[in-house]
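Just below is one structure, and these are the notes that go with it.
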Amino acid sequence: MTNVKLAIIYYSSGGTNYQLAQWAEAGAREAGADVKILKVPETAPQEVIESNQVWKEHSIEAACIPEVTLGDLEWADAIIFSVPTRFGNMPSQLKSFLDTTGGLWFNGKLVNKVVSAMTSAQNPHGGQEATILSLYTTMYHWGAIVATPGYTDPVTFGAGGNPYGTSVTVGQDGKMIEDVQAAVKHQAKRTVTVAEWVKKANQ
């Protein structure tokens, strides 16, 4: 059987979800997956980005990361999303991209993709769970298979205990408060494992 092909799709203005994506990549590669890290196309005006030093610096840091395309979704056996919360929902940048997937959906190209999601917010009850669950709603329409971490490993508790997907609180200094690296890696490995089961069953 060929390796699981995993697309890690993230959106980040300050770098937190880019870091989560990198940890997920490490965990997935340890599990034997072929991995692509891809960023969601930016829709915010350049002058808005330029006016925020942290946002500006991260946009420069991530300039080399390719933007996700519909072809990447078709390529992938599994997808991990990592995005910040926006009022308990996904950022508009990701929603805009997902709204372009209608053709793939109509032609059954997204059925049985194994998906999982991670998020961040500036306080412990800032909408993390709602953000992940709202993202999964789209995945249910795809006919995707949602692979949550649940409580399948004690690292989930150490990272704050979110069973729907790893979430992290980011302080005013821009640094993560919880230690979520091990939880992210576990979630990535679990996603790859479930994708292996699906891939094997469909051969």
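Please note that chains go A, B, ... in the order of the structure tokens, that every chain numbers its residues from 1, and that ligands are numbered from 1 in the order shown.
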
For this session: List the neighbours of Pro45 of chain A out to 12 Å using only C-alpha atoms; skip same-chain residues closer than 5 positions along the sequence, and give me the result as a VMD selection string.
Result: chain A and resid 50 to 52 55 to 56 93

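Every protein or nucleic acid residue with an atom no more than 6 Å from Ile145 of chain A, counting only C-alpha atoms and leaving out same-chain residues fewer than 2 positions away, appears here: Asn112, Lys113 and Val114 of chain A.
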
Convert the current residue selection to file output with C-alpha atoms, as a CSV table (one decimal), in the first residue's frame.
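Wrote selection-v2.csv, looks like this:
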chain,number,residue,atom,x,y,z
A,112,ASN,CA,-14.1,9.5,2.5
A,113,LYS,CA,-11.3,12.0,2.9
A,114,VAL,CA,-10.2,11.6,6.5

Problem set entry | Sel. of strand (DSSP E or B) residues, segment 28-184 of chain A, as a PyMOL selection string | chain A and resi 34-39+67+78-84+86+89+114-121+145-146+167-170+176

Next, the residues of the selection above should be written as a CSV table (one decimal), in the first residue's frame with N, CA and C atoms.
chain,number,residue,atom,x,y,z
A,34,ASP,N,3.1,10.9,3.5
A,34,ASP,CA,3.7,12.0,2.6
A,34,ASP,C,2.9,13.2,2.9
A,35,VAL,N,3.6,14.3,3.3
A,35,VAL,CA,2.9,15.5,3.8
A,35,VAL,C,3.2,16.8,3.0
A,36,LYS,N,2.1,17.6,2.8
A,36,LYS,CA,2.3,18.9,2.3
A,36,LYS,C,1.7,19.9,3.3
A,37,ILE,N,2.4,21.0,3.6
A,37,ILE,CA,1.9,22.1,4.4
A,37,ILE,C,1.5,23.1,3.4
A,38,LEU,N,0.2,23.6,3.5
A,38,LEU,CA,-0.3,24.5,2.5
A,38,LEU,C,-1.1,25.6,3.3
A,39,LYS,N,-0.9,26.9,2.8
A,39,LYS,CA,-1.7,27.9,3.5
A,39,LYS,C,-2.9,28.3,2.7
A,67,GLU,N,0.2,28.1,-1.6
A,67,GLU,CA,-1.2,28.2,-1.3
A,67,GLU,C,-2.0,27.0,-1.7
A,78,ALA,N,-5.9,12.4,3.4
A,78,ALA,CA,-6.3,13.0,4.7
A,78,ALA,C,-6.0,14.5,4.7
A,79,ILE,N,-6.7,15.2,5.5
A,79,ILE,CA,-6.5,16.6,5.6
A,79,ILE,C,-6.6,17.0,7.1
A,80,ILE,N,-5.6,17.8,7.5
A,80,ILE,CA,-5.7,18.4,8.9
A,80,ILE,C,-5.8,20.0,8.6
A,81,PHE,N,-6.8,20.6,9.2
A,81,PHE,CA,-7.0,22.0,9.2
A,81,PHE,C,-6.4,22.6,10.5
A,82,SER,N,-5.8,23.8,10.4
A,82,SER,CA,-5.3,24.5,11.6
A,82,SER,C,-5.6,26.0,11.4
A,83,VAL,N,-6.6,26.5,12.1
A,83,VAL,CA,-7.0,27.9,11.9
A,83,VAL,C,-7.3,28.5,13.3
A,84,PRO,N,-7.2,29.8,13.4
A,84,PRO,CA,-7.6,30.5,14.6
A,84,PRO,C,-9.2,30.6,14.6
A,86,ARG,N,-12.6,32.8,14.9
A,86,ARG,CA,-13.1,34.1,14.6
A,86,ARG,C,-14.6,34.1,15.1
A,89,ASN,N,-16.1,30.8,15.0
A,89,ASN,CA,-16.2,30.2,13.7
A,89,ASN,C,-14.9,30.2,13.0
A,114,VAL,N,-10.2,11.6,5.1
A,114,VAL,CA,-10.2,11.6,6.5
A,114,VAL,C,-9.7,13.0,7.0
A,115,VAL,N,-10.5,13.7,7.8
A,115,VAL,CA,-10.2,15.0,8.2
A,115,VAL,C,-10.1,15.2,9.7
A,116,SER,N,-9.3,16.2,10.1
A,116,SER,CA,-9.2,16.6,11.5
A,116,SER,C,-8.9,18.1,11.6
A,117,ALA,N,-9.1,18.7,12.8
A,117,ALA,CA,-8.9,20.1,12.8
A,117,ALA,C,-8.3,20.6,14.2
A,118,MET,N,-7.6,21.7,14.1
A,118,MET,CA,-7.0,22.3,15.3
A,118,MET,C,-7.3,23.8,15.3
A,119,THR,N,-7.2,24.5,16.4
A,119,THR,CA,-7.5,25.9,16.5
A,119,THR,C,-6.8,26.6,17.6
A,120,SER,N,-6.9,27.9,17.6
A,120,SER,CA,-6.3,28.7,18.7
A,120,SER,C,-7.2,29.9,19.0
A,121,ALA,N,-7.1,30.5,20.2
A,121,ALA,CA,-7.8,31.7,20.6
A,121,ALA,C,-7.0,32.4,21.7
A,145,ILE,N,-14.6,11.6,6.5
A,145,ILE,CA,-14.6,10.9,7.8
A,145,ILE,C,-13.8,11.7,8.8
A,146,VAL,N,-14.5,12.2,9.8
A,146,VAL,CA,-13.8,13.0,10.8
A,146,VAL,C,-13.1,12.2,11.9
A,167,SER,N,-6.5,22.4,20.7
A,167,SER,CA,-6.7,23.9,20.8
A,167,SER,C,-5.8,24.5,21.8
A,168,VAL,N,-5.4,25.7,21.5
A,168,VAL,CA,-4.4,26.3,22.4
A,168,VAL,C,-4.8,27.8,22.6
A,169,THR,N,-4.4,28.2,23.8
A,169,THR,CA,-4.7,29.6,24.2
A,169,THR,C,-3.4,30.4,24.0
A,170,VAL,N,-3.5,31.6,23.3
A,170,VAL,CA,-2.4,32.4,23.0
A,170,VAL,C,-2.4,33.7,23.8
A,176,MET,N,2.1,30.7,23.1
A,176,MET,CA,1.1,29.7,23.6
A,176,MET,C,1.2,29.4,25.1

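You will find atom CA of Pro41 of chain A at 23.3 Å from atom CA of Ala28 of chain A.
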
For this session: Pull the alpha helix (DSSP H) assignments for segment 70-203 of chain A out of DSSP run on the backbone, and list those residues as a PyMOL selection string.
Result: chain A and resi 70-75+92-98+102-106+128-142+155-158+181-201

Can you write out as CSV which residues of segment 56-173 of chain A fall within 7 Å of segment 177-187 of chain A, alongside each residue's closest atom pair and its distance in Å to one decimal, counting only C-alpha atoms and ordering rows by chain and ascending residue number?
residue,atom,partner,partner_atom,distance
A:Pro149,CA,A:Gln187,CA,5.4
A:Val155,CA,A:Ala183,CA,5.3
A:Thr156,CA,A:Ala183,CA,5.5
A:Ala159,CA,A:Val180,CA,4.8
A:Gly160,CA,A:Glu178,CA,7.0
A:Thr166,CA,A:Val184,CA,6.1
A:Val168,CA,A:Glu178,CA,6.1
A:Thr169,CA,A:Ile177,CA,5.6
A:Val170,CA,A:Ile177,CA,5.8
A:Gly171,CA,A:Ile177,CA,6.4

Problem set entry | Surrounding residues of Gly103 of chain A excluding itself and chain neighbours under 2 positions, 12 Å, only C-alpha atoms, as an MDAnalysis selection string | chainID A and resid 70:71 73:74 98:101 105:110 142

For this session: Please identify all polymer residues within 9 Å of Gln203 of chain A, counting only C-alpha atoms, omitting same-chain residues fewer than 4 positions from it, and present them as a list in words.
Result: Met1, Val198 and Lys199 of chain A

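We find atom CA of Tyr18 of chain A and atom CA of Tyr140 of chain A to be spaced 25.0 Å apart.
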
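Near Gly32 of chain A, within 12 Å and counting only C-alpha atoms, sit Met1, Thr2, Asn3, Val4, Lys5, Leu6, Glu25, Ala26, Gly27, Ala188, Lys189, Arg190, Thr191, Val192, Thr193, Ala195 and Glu196 of chain A; same-chain residues fewer than 5 positions away were not included.
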
Would you export the selected residues with N, CA and C atoms as a compact mmCIF listing (two decimals), in the first residue's frame, please?
# COMPACT_ATOMS: atom_id res chain seq x y z
N MET A 1 0.83 -1.19 0.00
CA MET A 1 0.00 0.00 0.00
C MET A 1 0.88 1.25 0.00
N THR A 2 0.52 2.23 -0.80
CA THR A 2 1.28 3.47 -0.84
C THR A 2 1.03 4.27 0.44
N ASN A 3 1.96 5.17 0.76
CA ASN A 3 1.83 5.99 1.95
C ASN A 3 0.58 6.87 1.88
N VAL A 4 0.04 7.16 3.05
CA VAL A 4 -1.06 8.11 3.15
C VAL A 4 -0.57 9.49 2.72
N LYS A 5 -1.36 10.17 1.90
CA LYS A 5 -1.04 11.53 1.46
C LYS A 5 -1.84 12.51 2.32
N LEU A 6 -1.12 13.31 3.08
CA LEU A 6 -1.75 14.22 4.03
C LEU A 6 -1.50 15.67 3.64
N GLU A 25 2.96 18.16 10.94
CA GLU A 25 3.79 17.57 9.88
C GLU A 25 4.79 16.59 10.46
N ALA A 26 5.44 16.97 11.56
CA ALA A 26 6.44 16.10 12.19
C ALA A 26 5.79 14.80 12.65
N GLY A 27 4.63 14.90 13.30
CA GLY A 27 3.94 13.69 13.76
C GLY A 27 3.50 12.81 12.62
N ALA A 188 -2.13 14.15 14.69
CA ALA A 188 -1.68 13.90 13.32
C ALA A 188 -1.47 12.41 13.07
N LYS A 189 -0.85 11.73 14.01
CA LYS A 189 -0.61 10.29 13.85
C LYS A 189 -1.93 9.52 13.81
N ARG A 190 -2.88 9.92 14.64
CA ARG A 190 -4.19 9.26 14.65
C ARG A 190 -4.91 9.48 13.31
N THR A 191 -4.82 10.70 12.78
CA THR A 191 -5.44 10.99 11.49
C THR A 191 -4.84 10.12 10.38
N VAL A 192 -3.53 9.98 10.39
CA VAL A 192 -2.85 9.15 9.40
C VAL A 192 -3.25 7.69 9.56
N THR A 193 -3.35 7.23 10.81
CA THR A 193 -3.73 5.83 11.06
C THR A 193 -5.13 5.53 10.54
N ALA A 195 -6.68 7.15 8.23
CA ALA A 195 -6.60 7.22 6.76
C ALA A 195 -6.02 5.93 6.17
N GLU A 196 -5.07 5.34 6.88
CA GLU A 196 -4.51 4.05 6.43
C GLU A 196 -5.59 2.98 6.41

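Shortest separation to Ile65 of chain A among A:Ala33, A:Ile9, A:Leu94, A:Ala44 occurs at residue A:Ile9, atoms counted being only C-alpha atoms.
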
Seminar exercise, completed: Using only C-alpha atoms, the shortest atom-to-atom distance to Gly174 of chain A among A:Val40, A:Ile8, A:Val54, A:Ala31 belongs to A:Val54
